Amino acid sequence: MKWFTRHGAVVWILVAQVALAPILTGEPAGGTAPAAAPAALVTATAGPHLSVTAHSITIGGTALRYTATAGDEQITNDAGNIQADMFFVAYVRQNVPDRGKRPIMFVFNGGPGAASVVLHLDAVGPKRVRLADSGAPLPPPPHWVENPSTWLGFTDLVFIDAVGTGFSSAAPDVPASTFYQVAGDARSFAEFIRLYLAANHREASPKFIAGESYGGTRAVILARLLGSDFGVTLNGIILISPVIDFETLNTQFRDPGRSTALAYALDVPTYTATAWYHKKLSTALQANLQGVMREVEQWTITEYLPALIQGDALAEEAQGRITRTLSRYTGVSEDVIRANHLRLLPSVFRRELLQDQHLQVSALDGRIAFDPRAGSQFTTDAIVSPLGPVFNDYAKRELDYHTDLTYEALSSRVGREWNWGPGGATGFLNVTDDLRQALQRNGALKVLIARGVYDLTVPYYGTDYALNQLQLGAALRGNITRTYYGSGHMVYTSQSEMEKLATDVSAFVADAMAAGHARP
């Protein structure tokens, strides 16, 4: 084992020396498990701190051997000065004859301020923490089990924590603001990926990135940036509950007056799906969820949005018609809709839908109803923050990674200090152009978009709207696959949807490799 304090004075640590392991990640050469030499007492100087352990998992009745490498990658500037330590955990399948044929995927969450632990221990990694139906960890002590739906069955995995999250941090003399911004954050990830690929001789491997929520935003930026500035060609990107155009969101604003007519309109199909789930629609609308969602999507853009654009100029008769239809599609009373000027914020909808039962629905997953007097147990913070102590324990017991640092699963500081750009959060960050450029530059790039239809945080129809603005030809439009899940923002909280996601991603990776003329 080893113990260290990052960025401090030189300290003594006890480490297991790993034979034949590249300095950056400890991936063993030749596809075999790492061999441990006798422990030695060494000094910790500038450089990565790594722990490499050997594991196995049974998938579909077959044992899969893999190594787990936990450690730091140091990001430097052009002058060679260390800018940050980025923490990562890499899972690499062993007994692979040709590593260049094995795909590799870089995975991260978003926030901004969220570490990669959510995807890591909830859905994608080889171990999974047992969860409640809400997606929250069960009460302590933490308990994790083998995850037969792990993506390690079809790709190597590298989970990356953004600077300011997890165990990642800026160097002592580097302002955190360097990374608490859209461009600086993306460049740090691009540099990490470039360094990792080079140090581990994975340049020839089929390459993928996967991001959730703001991590999806980051993944789109990276798809362009890696190709244009870092010489890395991707085979595919997986976007889980992504935000592509922030103008489509209502939930990001503390000031409802800044929300747009577009955002109000694009929320309605998710309201309808949620009302359907709770049986708040009429008998005719309850009969077929898919049918009513298509009906509402069409009404939203052809009638509701034009009405909202007219504002106070909308005729009284039209106001009455819109009010009645919106009430019919959402289960919210006409009085509430009138009082809110034909507009429903997600917070209003969540409060009103089940008000007769004195319950609210969760912003993360509209299927979940709770008593608001019992506290905010279904907020992002309440669900993600408990994963910090869980990961601390997992790192020590499973990864043999020991540190005196506290793992920041969700950093309020990063979220509070994040710089969205010249216009701030209401300047409507929009990465549609980044996605368009990435696809036009790399005609073989494939994109998988995964959304939960009950997600009231990033409603699925807002993402569909953004994708419809790409202005691509038919061939490139065919590179984009849209998938939908009967779940919320974290699409994988139920066993069935987690298995569906893994199946969809596995097929996507295989198709993207074939499209990129990668060797199977």
# chains A, B, ... in the order shown; residues from 1 in each chain; ligands from 1
$ select_by_dssp --residues "segment 313-513 of chain A" --states "strand (DSSP E or B)" --output "ChimeraX atom specification"
/A:360-361,369-370,402-403,408,410,419,430,446-452,480-485
$ closest_residue --among "A:Asp156, A:Asp504, A:Asp122, A:Asp371" --to "Ile209 of chain A" --atoms "only C-alpha atoms"
A:Asp156
$ residues_around --residues "His489 of chain A" --least-positions-apart "5" --cutoff "7 Å" --atoms "only C-alpha atoms" --output "NGL selection string"
:A and (241 or 364-365 or 452 or 455 or 457-458)
$ residues_around --residues "Phe88 of chain A" --least-positions-apart "6" --cutoff "8 Å" --atoms "only C-alpha atoms" --output "PyMOL selection string"
chain A and resi 69-73+158-161
$ atom_distance --atom1 "atom CA of Leu387 of chain A" --atom2 "atom CA of Ile368 of chain A"
20.0 Å
$ atom_distance --atom1 "atom CA of Ala475 of chain A" --atom2 "atom CA of Gln440 of chain A"
10.5 Å
$ closest_residue --among "A:Arg99, A:Lys279, A:Lys127, A:Arg451" --to "Ser56 of chain A" --atoms "only C-alpha atoms"
A:Lys127
$ residues_around --residues "Ala275 of chain A" --least-positions-apart "5" --cutoff "10 Å" --atoms "only C-alpha atoms" --output "ChimeraX atom specification"
/A:269-270,280-282,286,328-332,349-350,353-354,366-367,454
$ select_by_dssp --residues "segment 230-405 of chain A" --states "helix (DSSP H, G or I)" --output "PyMOL selection string"
chain A and resi 246-248+256-258+261-277+283-286+289-313+316-330+334-339+346-352+355-357+372-374+380-384+387-397
$ closest_atom_pairs --of "segment 135-204 of chain A" --to "segment 79-86 of chain A" --cutoff "10 Å" --atoms "only C-alpha atoms" --output "JSON lines"
{"residue": "A:Ile160", "atom": "CA", "partner": "A:Met86", "partner_atom": "CA", "distance": 7.2}
{"residue": "A:Asp161", "atom": "CA", "partner": "A:Met86", "partner_atom": "CA", "distance": 6.3}
{"residue": "A:Ala162", "atom": "CA", "partner": "A:Met86", "partner_atom": "CA", "distance": 6.7}
{"residue": "A:Val163", "atom": "CA", "partner": "A:Met86", "partner_atom": "CA", "distance": 6.2}
{"residue": "A:Gly164", "atom": "CA", "partner": "A:Met86", "partner_atom": "CA", "distance": 9.0}
{"residue": "A:Thr165", "atom": "CA", "partner": "A:Met86", "partner_atom": "CA", "distance": 9.1}
{"residue": "A:Gly166", "atom": "CA", "partner": "A:Met86", "partner_atom": "CA", "distance": 8.8}
{"residue": "A:Phe167", "atom": "CA", "partner": "A:Met86", "partner_atom": "CA", "distance": 7.4}
{"residue": "A:Ser168", "atom": "CA", "partner": "A:Met86", "partner_atom": "CA", "distance": 4.5}
{"residue": "A:Ser169", "atom": "CA", "partner": "A:Asp85", "partner_atom": "CA", "distance": 5.5}
{"residue": "A:Ala170", "atom": "CA", "partner": "A:Ala84", "partner_atom": "CA", "distance": 4.1}
{"residue": "A:Ala171", "atom": "CA", "partner": "A:Ala84", "partner_atom": "CA", "distance": 4.8}
{"residue": "A:Pro172", "atom": "CA", "partner": "A:Gln83", "partner_atom": "CA", "distance": 8.5}
{"residue": "A:Asp173", "atom": "CA", "partner": "A:Gln83", "partner_atom": "CA", "distance": 8.2}
{"residue": "A:Val174", "atom": "CA", "partner": "A:Gln83", "partner_atom": "CA", "distance": 6.1}
{"residue": "A:Pro175", "atom": "CA", "partner": "A:Gln83", "partner_atom": "CA", "distance": 9.1}
{"residue": "A:Ala176", "atom": "CA", "partner": "A:Ala84", "partner_atom": "CA", "distance": 9.3}
{"residue": "A:Thr178", "atom": "CA", "partner": "A:Gln83", "partner_atom": "CA", "distance": 9.0}
{"residue": "A:Phe179", "atom": "CA", "partner": "A:Ala84", "partner_atom": "CA", "distance": 9.1}
{"residue": "A:Ser188", "atom": "CA", "partner": "A:Ala84", "partner_atom": "CA", "distance": 8.5}
{"residue": "A:Phe189", "atom": "CA", "partner": "A:Met86", "partner_atom": "CA", "distance": 8.7}
{"residue": "A:Phe192", "atom": "CA", "partner": "A:Met86", "partner_atom": "CA", "distance": 7.7}
$ write_last_selection --atoms "C-alpha atoms" --output "compact mmCIF listing (two decimals), in the first residue's frame"
# COMPACT_ATOMS: atom_id res chain seq x y z
CA ILE A 160 -11.53 10.99 -15.15
CA ASP A 161 -12.29 13.51 -12.41
CA ALA A 162 -12.38 17.19 -13.40
CA VAL A 163 -10.08 19.56 -11.54
CA GLY A 164 -11.75 20.50 -8.26
CA THR A 165 -13.65 17.21 -8.04
CA GLY A 166 -12.73 13.75 -6.78
CA PHE A 167 -9.05 13.79 -5.86
CA SER A 168 -8.16 16.18 -8.72
CA SER A 169 -6.77 19.63 -7.97
CA ALA A 170 -4.97 22.58 -9.49
CA ALA A 171 -1.30 23.00 -8.65
CA PRO A 172 -0.68 25.28 -5.62
CA ASP A 173 0.43 28.26 -7.70
CA VAL A 174 -2.25 27.89 -10.40
CA PRO A 175 -5.60 29.68 -9.96
CA ALA A 176 -8.53 27.29 -9.81
CA THR A 178 -8.01 28.26 -14.92
CA PHE A 179 -10.15 25.13 -14.86
CA SER A 188 -7.50 19.84 -19.35
CA PHE A 189 -9.51 16.77 -20.37
CA PHE A 192 -5.25 14.17 -20.16
$ residues_around --residues "Ala219 of chain A" --least-positions-apart "2" --cutoff "12 Å" --atoms "only C-alpha atoms" --output "number ranges by chain"
A: 105-110, 182, 185-187, 189-190, 193, 208-217, 221-226, 234, 236-244, 431-432, 434-435, 438, 447-449
$ write_last_selection --atoms "C-alpha atoms" --output "PDB file, in the first residue's frame"
ATOM      1  CA  MET A 105     -13.324   4.826 -23.556  1.00  0.00           C
ATOM      2  CA  PHE A 106     -12.826   7.928 -21.382  1.00  0.00           C
ATOM      3  CA  VAL A 107     -15.774   8.493 -19.041  1.00  0.00           C
ATOM      4  CA  PHE A 108     -16.830  11.449 -16.884  1.00  0.00           C
ATOM      5  CA  ASN A 109     -19.772  13.170 -15.250  1.00  0.00           C
ATOM      6  CA  GLY A 110     -20.518  16.870 -15.409  1.00  0.00           C
ATOM      7  CA  VAL A 182     -15.793  25.958 -20.168  1.00  0.00           C
ATOM      8  CA  ASP A 185     -12.000  22.505 -18.324  1.00  0.00           C
ATOM      9  CA  ALA A 186     -12.236  21.026 -21.826  1.00  0.00           C
ATOM     10  CA  ARG A 187      -8.551  21.583 -22.578  1.00  0.00           C
ATOM     11  CA  PHE A 189      -9.506  16.770 -20.375  1.00  0.00           C
ATOM     12  CA  ALA A 190      -8.101  16.869 -23.907  1.00  0.00           C
ATOM     13  CA  ILE A 193      -6.545  11.988 -22.987  1.00  0.00           C
ATOM     14  CA  PHE A 208     -14.511   6.806 -27.427  1.00  0.00           C
ATOM     15  CA  ILE A 209     -15.611   9.349 -24.854  1.00  0.00           C
ATOM     16  CA  ALA A 210     -18.749   9.246 -22.715  1.00  0.00           C
ATOM     17  CA  GLY A 211     -20.168  12.074 -20.636  1.00  0.00           C
ATOM     18  CA  GLU A 212     -23.308  12.642 -18.601  1.00  0.00           C
ATOM     19  CA  SER A 213     -25.261  15.907 -18.191  1.00  0.00           C
ATOM     20  CA  TYR A 214     -22.685  18.740 -18.378  1.00  0.00           C
ATOM     21  CA  GLY A 215     -20.247  15.926 -19.092  1.00  0.00           C
ATOM     22  CA  GLY A 216     -22.184  15.525 -22.348  1.00  0.00           C
ATOM     23  CA  THR A 217     -21.609  19.213 -23.061  1.00  0.00           C
ATOM     24  CA  ILE A 221     -16.511  20.222 -27.076  1.00  0.00           C
ATOM     25  CA  LEU A 222     -13.861  17.506 -26.774  1.00  0.00           C
ATOM     26  CA  ALA A 223     -15.026  15.812 -29.972  1.00  0.00           C
ATOM     27  CA  ARG A 224     -14.108  18.990 -31.830  1.00  0.00           C
ATOM     28  CA  LEU A 225     -11.077  19.978 -29.732  1.00  0.00           C
ATOM     29  CA  LEU A 226      -9.322  16.600 -29.759  1.00  0.00           C
ATOM     30  CA  LEU A 234     -12.427   9.618 -32.068  1.00  0.00           C
ATOM     31  CA  GLY A 236     -17.598   7.765 -31.194  1.00  0.00           C
ATOM     32  CA  ILE A 237     -19.069   9.799 -28.365  1.00  0.00           C
ATOM     33  CA  ILE A 238     -21.803   8.757 -25.936  1.00  0.00           C
ATOM     34  CA  LEU A 239     -23.898  11.583 -24.490  1.00  0.00           C
ATOM     35  CA  ILE A 240     -26.082  10.666 -21.504  1.00  0.00           C
ATOM     36  CA  SER A 241     -28.742  13.250 -20.587  1.00  0.00           C
ATOM     37  CA  PRO A 242     -26.614  15.933 -22.275  1.00  0.00           C
ATOM     38  CA  VAL A 243     -27.131  19.678 -22.518  1.00  0.00           C
ATOM     39  CA  ILE A 244     -26.285  20.832 -26.027  1.00  0.00           C
ATOM     40  CA  VAL A 431     -22.217  23.606 -28.381  1.00  0.00           C
ATOM     41  CA  THR A 432     -24.243  22.836 -31.491  1.00  0.00           C
ATOM     42  CA  ASP A 434     -18.867  22.140 -31.889  1.00  0.00           C
ATOM     43  CA  LEU A 435     -20.863  19.004 -32.690  1.00  0.00           C
ATOM     44  CA  ALA A 438     -16.686  17.495 -35.177  1.00  0.00           C
ATOM     45  CA  VAL A 447     -22.808   9.874 -31.764  1.00  0.00           C
ATOM     46  CA  LEU A 448     -25.140   8.095 -29.343  1.00  0.00           C
ATOM     47  CA  ILE A 449     -27.610  10.229 -27.357  1.00  0.00           C
TER      48      ILE A 449
END
$ atom_distance --atom1 "atom CA of Pro97 of chain A" --atom2 "atom CA of Leu50 of chain A"
24.7 Å
$ closest_residue --among "A:Pro346, A:Gly473, A:Gly113, A:Pro386" --to "Ala363 of chain A" --atoms "only C-alpha atoms"
A:Pro346
$ closest_residue --among "A:Asn442, A:Gln355, A:Gln319, A:Ser412" --to "Val384 of chain A" --atoms "only C-alpha atoms"
A:Ser412
$ closest_residue --among "A:Val52, A:Ile75, A:Ala444, A:Leu262" --to "Glu191 of chain A" --atoms "only C-alpha atoms"
A:Ile75
$ decode --residues "segment 294-314 of chain A" --atoms "N, CA and C atoms" --output "PDB file, in the first residue's frame"
ATOM      1  N   ARG A 294     -45.774  11.762 -28.932  1.00  0.00           N
ATOM      2  CA  ARG A 294     -45.606  12.292 -30.291  1.00  0.00           C
ATOM      3  C   ARG A 294     -46.618  13.399 -30.566  1.00  0.00           C
ATOM      4  N   GLU A 295     -47.821  13.210 -30.064  1.00  0.00           N
ATOM      5  CA  GLU A 295     -48.868  14.220 -30.242  1.00  0.00           C
ATOM      6  C   GLU A 295     -48.477  15.521 -29.550  1.00  0.00           C
ATOM      7  N   VAL A 296     -47.972  15.418 -28.333  1.00  0.00           N
ATOM      8  CA  VAL A 296     -47.606  16.607 -27.561  1.00  0.00           C
ATOM      9  C   VAL A 296     -46.388  17.290 -28.169  1.00  0.00           C
ATOM     10  N   GLU A 297     -45.409  16.519 -28.635  1.00  0.00           N
ATOM     11  CA  GLU A 297     -44.248  17.119 -29.279  1.00  0.00           C
ATOM     12  C   GLU A 297     -44.674  17.991 -30.456  1.00  0.00           C
ATOM     13  N   GLN A 298     -45.582  17.487 -31.253  1.00  0.00           N
ATOM     14  CA  GLN A 298     -46.039  18.248 -32.416  1.00  0.00           C
ATOM     15  C   GLN A 298     -46.789  19.499 -31.980  1.00  0.00           C
ATOM     16  N   TRP A 299     -47.676  19.377 -31.008  1.00  0.00           N
ATOM     17  CA  TRP A 299     -48.433  20.533 -30.523  1.00  0.00           C
ATOM     18  C   TRP A 299     -47.505  21.583 -29.920  1.00  0.00           C
ATOM     19  N   THR A 300     -46.476  21.124 -29.243  1.00  0.00           N
ATOM     20  CA  THR A 300     -45.551  22.040 -28.572  1.00  0.00           C
ATOM     21  C   THR A 300     -44.904  23.020 -29.549  1.00  0.00           C
ATOM     22  N   ILE A 301     -44.475  22.520 -30.701  1.00  0.00           N
ATOM     23  CA  ILE A 301     -43.728  23.389 -31.620  1.00  0.00           C
ATOM     24  C   ILE A 301     -44.616  24.070 -32.650  1.00  0.00           C
ATOM     25  N   THR A 302     -45.804  23.507 -32.906  1.00  0.00           N
ATOM     26  CA  THR A 302     -46.657  24.115 -33.935  1.00  0.00           C
ATOM     27  C   THR A 302     -47.715  25.059 -33.370  1.00  0.00           C
ATOM     28  N   GLU A 303     -48.109  24.866 -32.107  1.00  0.00           N
ATOM     29  CA  GLU A 303     -49.140  25.719 -31.520  1.00  0.00           C
ATOM     30  C   GLU A 303     -48.701  26.423 -30.241  1.00  0.00           C
ATOM     31  N   TYR A 304     -48.087  25.671 -29.333  1.00  0.00           N
ATOM     32  CA  TYR A 304     -47.777  26.252 -28.025  1.00  0.00           C
ATOM     33  C   TYR A 304     -46.664  27.292 -28.113  1.00  0.00           C
ATOM     34  N   LEU A 305     -45.560  26.951 -28.756  1.00  0.00           N
ATOM     35  CA  LEU A 305     -44.457  27.907 -28.857  1.00  0.00           C
ATOM     36  C   LEU A 305     -44.858  29.186 -29.587  1.00  0.00           C
ATOM     37  N   PRO A 306     -45.543  29.118 -30.739  1.00  0.00           N
ATOM     38  CA  PRO A 306     -45.995  30.364 -31.373  1.00  0.00           C
ATOM     39  C   PRO A 306     -46.908  31.192 -30.475  1.00  0.00           C
ATOM     40  N   ALA A 307     -47.717  30.536 -29.663  1.00  0.00           N
ATOM     41  CA  ALA A 307     -48.589  31.284 -28.748  1.00  0.00           C
ATOM     42  C   ALA A 307     -47.770  32.007 -27.691  1.00  0.00           C
ATOM     43  N   LEU A 308     -46.756  31.330 -27.132  1.00  0.00           N
ATOM     44  CA  LEU A 308     -45.915  31.961 -26.111  1.00  0.00           C
ATOM     45  C   LEU A 308     -45.151  33.143 -26.687  1.00  0.00           C
ATOM     46  N   ILE A 309     -44.723  33.039 -27.920  1.00  0.00           N
ATOM     47  CA  ILE A 309     -43.967  34.119 -28.547  1.00  0.00           C
ATOM     48  C   ILE A 309     -44.820  35.384 -28.656  1.00  0.00           C
ATOM     49  N   GLN A 310     -46.110  35.211 -28.824  1.00  0.00           N
ATOM     50  CA  GLN A 310     -46.997  36.379 -28.938  1.00  0.00           C
ATOM     51  C   GLN A 310     -47.165  37.103 -27.600  1.00  0.00           C
ATOM     52  N   GLY A 311     -46.943  36.416 -26.502  1.00  0.00           N
ATOM     53  CA  GLY A 311     -47.035  37.069 -25.204  1.00  0.00           C
ATOM     54  C   GLY A 311     -48.405  37.665 -24.944  1.00  0.00           C
ATOM     55  N   ASP A 312     -48.425  38.896 -24.446  1.00  0.00           N
ATOM     56  CA  ASP A 312     -49.693  39.550 -24.106  1.00  0.00           C
ATOM     57  C   ASP A 312     -50.553  39.845 -25.335  1.00  0.00           C
ATOM     58  N   ALA A 313     -49.974  39.783 -26.525  1.00  0.00           N
ATOM     59  CA  ALA A 313     -50.747  40.042 -27.741  1.00  0.00           C
ATOM     60  C   ALA A 313     -51.620  38.856 -28.144  1.00  0.00           C
ATOM     61  N   LEU A 314     -51.444  37.729 -27.474  1.00  0.00           N
ATOM     62  CA  LEU A 314     -52.245  36.552 -27.811  1.00  0.00           C
ATOM     63  C   LEU A 314     -53.712  36.805 -27.466  1.00  0.00           C
TER      64      LEU A 314
END
